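Here's the structure, in structure tokens; my notes come after.
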Amino acid sequence: KDNVYLFVDTRYHAQADIEVRYDFIEIVKVPLDKYLYEAMFEVLGENFVLGVPAKKISKFLFDKFKKEGKPKNIKFKPLNEDGIEVCESSFISEKFFDINEIPLEISGKSADDKISELLQQFQNSYLLVTDLTDIAYLTNLRSFDFPYSSSFPSKLIISPSGATMYVNSEREFKSKFIKTKFFDEYYKDLKNIKNSDVLYQKKSISLYDFSLIDKSNKKIDKDFSRKHIKNNSEIEHFKECFYNTDRALEIIEQMLSSDVEYSEFDYSRALVDS
């Protein structure tokens, strides 16, 4: 209660040195051969209670924490309110996103076809799709509102009668099986599922979402992800992307090895013209 610790793995060691105030936060740099929770338990010791934001920790990781912390009498308290979000002026669930559909020649299969296949395989069940990349894949939708990411904040419930995507977007989507609702309606609809088989993915569903599944349901941890199965159209698009990447690196290498001093605009123009 008297200290603030930031545990960072090797990807963020340098960034933490640059961005974090050492007079306020103590940085714990976790080496490659150690899990974050191992470093946390070493620093924090034994016999304490650790609050965890229930909307940001997966059911899988929470169970892992409880198992590993038990020998040291470490207890974990789920926090339904995220202290960071409370301090923010706006929440992700209140923002609207610019979402676009990728062409069929790239996806190779329509969103309706993908949902239809899941409906046939898991008849009379509810599927809670909470992994953002799974949702982007199933719906053939992308957003570039966040740097270095093409997914977007959303939830997807696939019921025996169809699918509902919960997302804040002003765009209208034409689909036979998928309807859309605003993001904040998701939690109410999730609570209303009763006396059914509810399939979820333990590694992606948040502890908070899991806690809202009604006790009358049969909860089934099931891997129903499809994004790793690629069709011919997707494979050909990957080949094109890899070729363009190789070509870009080749051009940049040639320019760097020359005696000419190029500007960033020159590099950009060379890539565009290629």
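The way I read the labels, and the way they are meant: chains A, B, ... in the order of the structure tokens, residue 1 as the first residue of every chain, and ligand 1 as the first ligand shown, with later ones counted on from there.
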
May I have all residues of segment 115-248 of chain A that DSSP, computed from the backbone, assigns to helix (DSSP H, G or I), given as a PyMOL selection string?
-> chain A and resi 115-121+132-139+183-191+207-211+232-248

Members of segment 39-226 of chain A assigned strand (DSSP E or B) by DSSP, as a PyMOL selection string | chain A and resi 49-53+58+75-79+100-101+125-129+141-142+155-159+162-166+178-181+197-200+206+218-221

Save out the residues we just selected, C-alpha atoms, as a CSV table (one decimal), in the first residue's frame.
```
chain,number,residue,atom,x,y,z
A,49,VAL,CA,-4.3,-9.5,-0.9
A,50,LEU,CA,-3.8,-8.4,-4.5
A,51,GLY,CA,-6.6,-6.5,-6.3
A,52,VAL,CA,-6.9,-7.3,-10.0
A,53,PRO,CA,-9.1,-5.5,-12.6
A,58,SER,CA,-8.5,-13.4,-18.4
A,75,LYS,CA,-5.3,-13.9,-2.1
A,76,PHE,CA,-6.7,-12.2,-5.2
A,77,LYS,CA,-9.6,-9.8,-5.1
A,78,PRO,CA,-11.4,-9.1,-8.4
A,79,LEU,CA,-12.1,-5.4,-8.9
A,100,ASN,CA,-14.2,-1.1,-42.8
A,101,GLU,CA,-15.0,-4.4,-44.5
A,125,SER,CA,-25.3,-23.4,-28.0
A,126,TYR,CA,-24.1,-19.9,-27.3
A,127,LEU,CA,-20.6,-18.9,-28.2
A,128,LEU,CA,-19.0,-16.0,-26.4
A,129,VAL,CA,-16.3,-14.6,-28.8
A,141,LEU,CA,-14.0,-6.1,-40.4
A,142,ARG,CA,-11.0,-4.0,-39.6
A,155,LYS,CA,-17.8,-8.5,-28.3
A,156,LEU,CA,-19.6,-11.2,-30.3
A,157,ILE,CA,-22.3,-13.5,-29.1
A,158,ILE,CA,-23.3,-16.3,-31.4
A,159,SER,CA,-26.7,-17.8,-30.5
A,162,GLY,CA,-27.6,-15.9,-35.3
A,163,ALA,CA,-24.9,-13.6,-34.1
A,164,THR,CA,-24.8,-10.2,-32.4
A,165,MET,CA,-21.8,-7.9,-32.5
A,166,TYR,CA,-21.5,-5.3,-29.8
A,178,ILE,CA,-25.0,-10.8,-37.8
A,179,LYS,CA,-26.8,-7.9,-36.2
A,180,THR,CA,-25.2,-5.1,-34.3
A,181,LYS,CA,-25.8,-3.4,-31.0
A,197,ASP,CA,-24.7,-24.5,-23.1
A,198,VAL,CA,-22.4,-21.5,-23.1
A,199,LEU,CA,-19.1,-21.9,-24.9
A,200,TYR,CA,-16.2,-19.6,-24.1
A,206,SER,CA,-12.2,-11.7,-19.0
A,218,LYS,CA,-23.5,-25.1,-18.5
A,219,LYS,CA,-20.1,-23.4,-19.0
A,220,ILE,CA,-17.9,-25.1,-21.5
A,221,ASP,CA,-14.3,-24.0,-22.2
```

Rounded to one decimal place, report the atom CA of His228 of chain A-atom CA of Glu105 of chain A distance in Å.
-> 17.9 Å

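The closest residue to Phe177 of chain A, picked from A:Ile135, A:Val272, A:Leu119, A:Leu61 and counting only C-alpha atoms, is A:Leu119.
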
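If only C-alpha atoms are the atoms counted, then among A:Gln15, A:Thr10, A:Thr130, A:Ser274 the closest residue to Tyr35 of chain A is A:Thr10.
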
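By chain and then residue number, the residues within 9 Å of Ser225 of chain A are Val129, Asp131, Asp134, Gln201, Lys222, Asp223, Lys227, His228 and Ile229 of chain A, counting only C-alpha atoms and disregarding those fewer than 2 positions away in sequence.
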
Counting only C-alpha atoms, the residue among A:Arg21, A:His237, A:Lys67, A:Arg226 that lies closest to Ile115 of chain A is A:Arg226

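Among A:Ala16, A:Val167, A:Ile74, A:Ala54, the residue with the shortest atom-to-atom distance to Phe210 of chain A, counting only C-alpha atoms, is A:Ala54.
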
What's the 12 Å shell around segment 264-270 of chain A, counting only C-alpha atoms, without same-chain residues fewer than 6 positions away, as a PyMOL selection string?
-> chain A and resi 247-256

Selection file, N, CA, C and O atoms, as a short mmCIF file (atom, residue, chain, number, x, y, z; two decimals), in the first residue's frame:
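This is the output file part_3.cif:
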```cif
data_model
loop_
_atom_site.label_atom_id
_atom_site.label_comp_id
_atom_site.auth_asym_id
_atom_site.auth_seq_id
_atom_site.Cartn_x
_atom_site.Cartn_y
_atom_site.Cartn_z
N ARG A 247 10.41 -6.59 -51.08
CA ARG A 247 10.78 -5.58 -52.06
C ARG A 247 11.12 -4.25 -51.38
O ARG A 247 12.10 -3.59 -51.74
N ALA A 248 10.35 -3.88 -50.36
CA ALA A 248 10.62 -2.64 -49.64
C ALA A 248 11.97 -2.69 -48.94
O ALA A 248 12.75 -1.72 -48.99
N LEU A 249 12.28 -3.82 -48.31
CA LEU A 249 13.57 -3.96 -47.63
C LEU A 249 14.73 -3.92 -48.63
O LEU A 249 15.79 -3.36 -48.34
N GLU A 250 14.52 -4.52 -49.79
CA GLU A 250 15.56 -4.51 -50.83
C GLU A 250 15.84 -3.08 -51.30
O GLU A 250 17.01 -2.68 -51.45
N ILE A 251 14.79 -2.30 -51.53
CA ILE A 251 14.96 -0.90 -51.98
C ILE A 251 15.67 -0.07 -50.93
O ILE A 251 16.60 0.70 -51.22
N ILE A 252 15.25 -0.21 -49.67
CA ILE A 252 15.86 0.56 -48.59
C ILE A 252 17.33 0.18 -48.42
O ILE A 252 18.20 1.04 -48.21
N GLU A 253 17.64 -1.12 -48.52
CA GLU A 253 19.03 -1.56 -48.40
C GLU A 253 19.89 -0.97 -49.51
O GLU A 253 21.03 -0.53 -49.26
N GLN A 254 19.37 -0.92 -50.73
CA GLN A 254 20.12 -0.34 -51.84
C GLN A 254 20.38 1.15 -51.62
O GLN A 254 21.48 1.64 -51.88
N MET A 255 19.40 1.85 -51.11
CA MET A 255 19.55 3.29 -50.88
C MET A 255 20.53 3.56 -49.74
O MET A 255 21.34 4.50 -49.80
N LEU A 256 20.47 2.73 -48.68
CA LEU A 256 21.37 2.92 -47.55
C LEU A 256 22.82 2.65 -47.91
O LEU A 256 23.75 3.26 -47.36
#
```

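Atom pair atom CA of Pro31 of chain A / atom CA of Phe62 of chain A has a distance of 21.7 Å (rounded to one decimal).
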
Skipping near chain neighbours, those fewer than 2 positions away, what residues fall within 12 Å of Glu46 of chain A using only C-alpha atoms, listed as a ChimeraX atom specification?
-> /A:40-44,48-50,68-75

Exercise: His13 of chain A partners within 12 Å, only C-alpha atoms, chain neighbours under 6 positions left out, as a short mmCIF file (atom, residue, chain, number, x, y, z; two decimals) with N, CA and C atoms, in the first residue's frame:
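Printed below is selection-v5.cif as written:
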```
data_model
loop_
_atom_site.label_atom_id
_atom_site.label_comp_id
_atom_site.auth_asym_id
_atom_site.auth_seq_id
_atom_site.Cartn_x
_atom_site.Cartn_y
_atom_site.Cartn_z
N LEU A 6 6.04 -1.26 -11.04
CA LEU A 6 5.72 -1.55 -12.44
C LEU A 6 6.59 -2.71 -12.89
N PHE A 7 5.95 -3.84 -13.17
CA PHE A 7 6.68 -5.03 -13.61
C PHE A 7 6.67 -5.07 -15.14
N GLU A 19 10.13 6.58 -20.02
CA GLU A 19 8.82 7.17 -19.77
C GLU A 19 8.37 7.20 -18.31
N VAL A 20 8.98 6.40 -17.45
CA VAL A 20 8.47 6.26 -16.09
C VAL A 20 9.25 7.15 -15.11
N ILE A 27 10.49 0.46 -10.88
CA ILE A 27 10.42 -0.45 -12.02
C ILE A 27 11.11 -1.76 -11.68
N VAL A 28 10.42 -2.86 -11.94
CA VAL A 28 10.99 -4.19 -11.76
C VAL A 28 11.14 -4.81 -13.15
N LYS A 29 12.37 -4.94 -13.60
CA LYS A 29 12.63 -5.49 -14.93
C LYS A 29 12.73 -7.01 -14.85
N VAL A 30 11.76 -7.65 -15.46
CA VAL A 30 11.65 -9.11 -15.39
C VAL A 30 12.48 -9.73 -16.52
N PRO A 31 13.40 -10.64 -16.22
CA PRO A 31 14.22 -11.27 -17.25
C PRO A 31 13.43 -12.28 -18.08
N LEU A 32 14.05 -12.72 -19.16
CA LEU A 32 13.38 -13.65 -20.07
C LEU A 32 13.03 -14.98 -19.42
#
```

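The residue that comes closest to Ala136 of chain A, out of A:Leu212, A:Ile205, A:Ile102, A:Leu190 and on the basis of only C-alpha atoms, is A:Ile102.
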
Atom CA of Ile99 of chain A and atom CA of Asn192 of chain A, how far apart in Å?
-> 27.9 Å
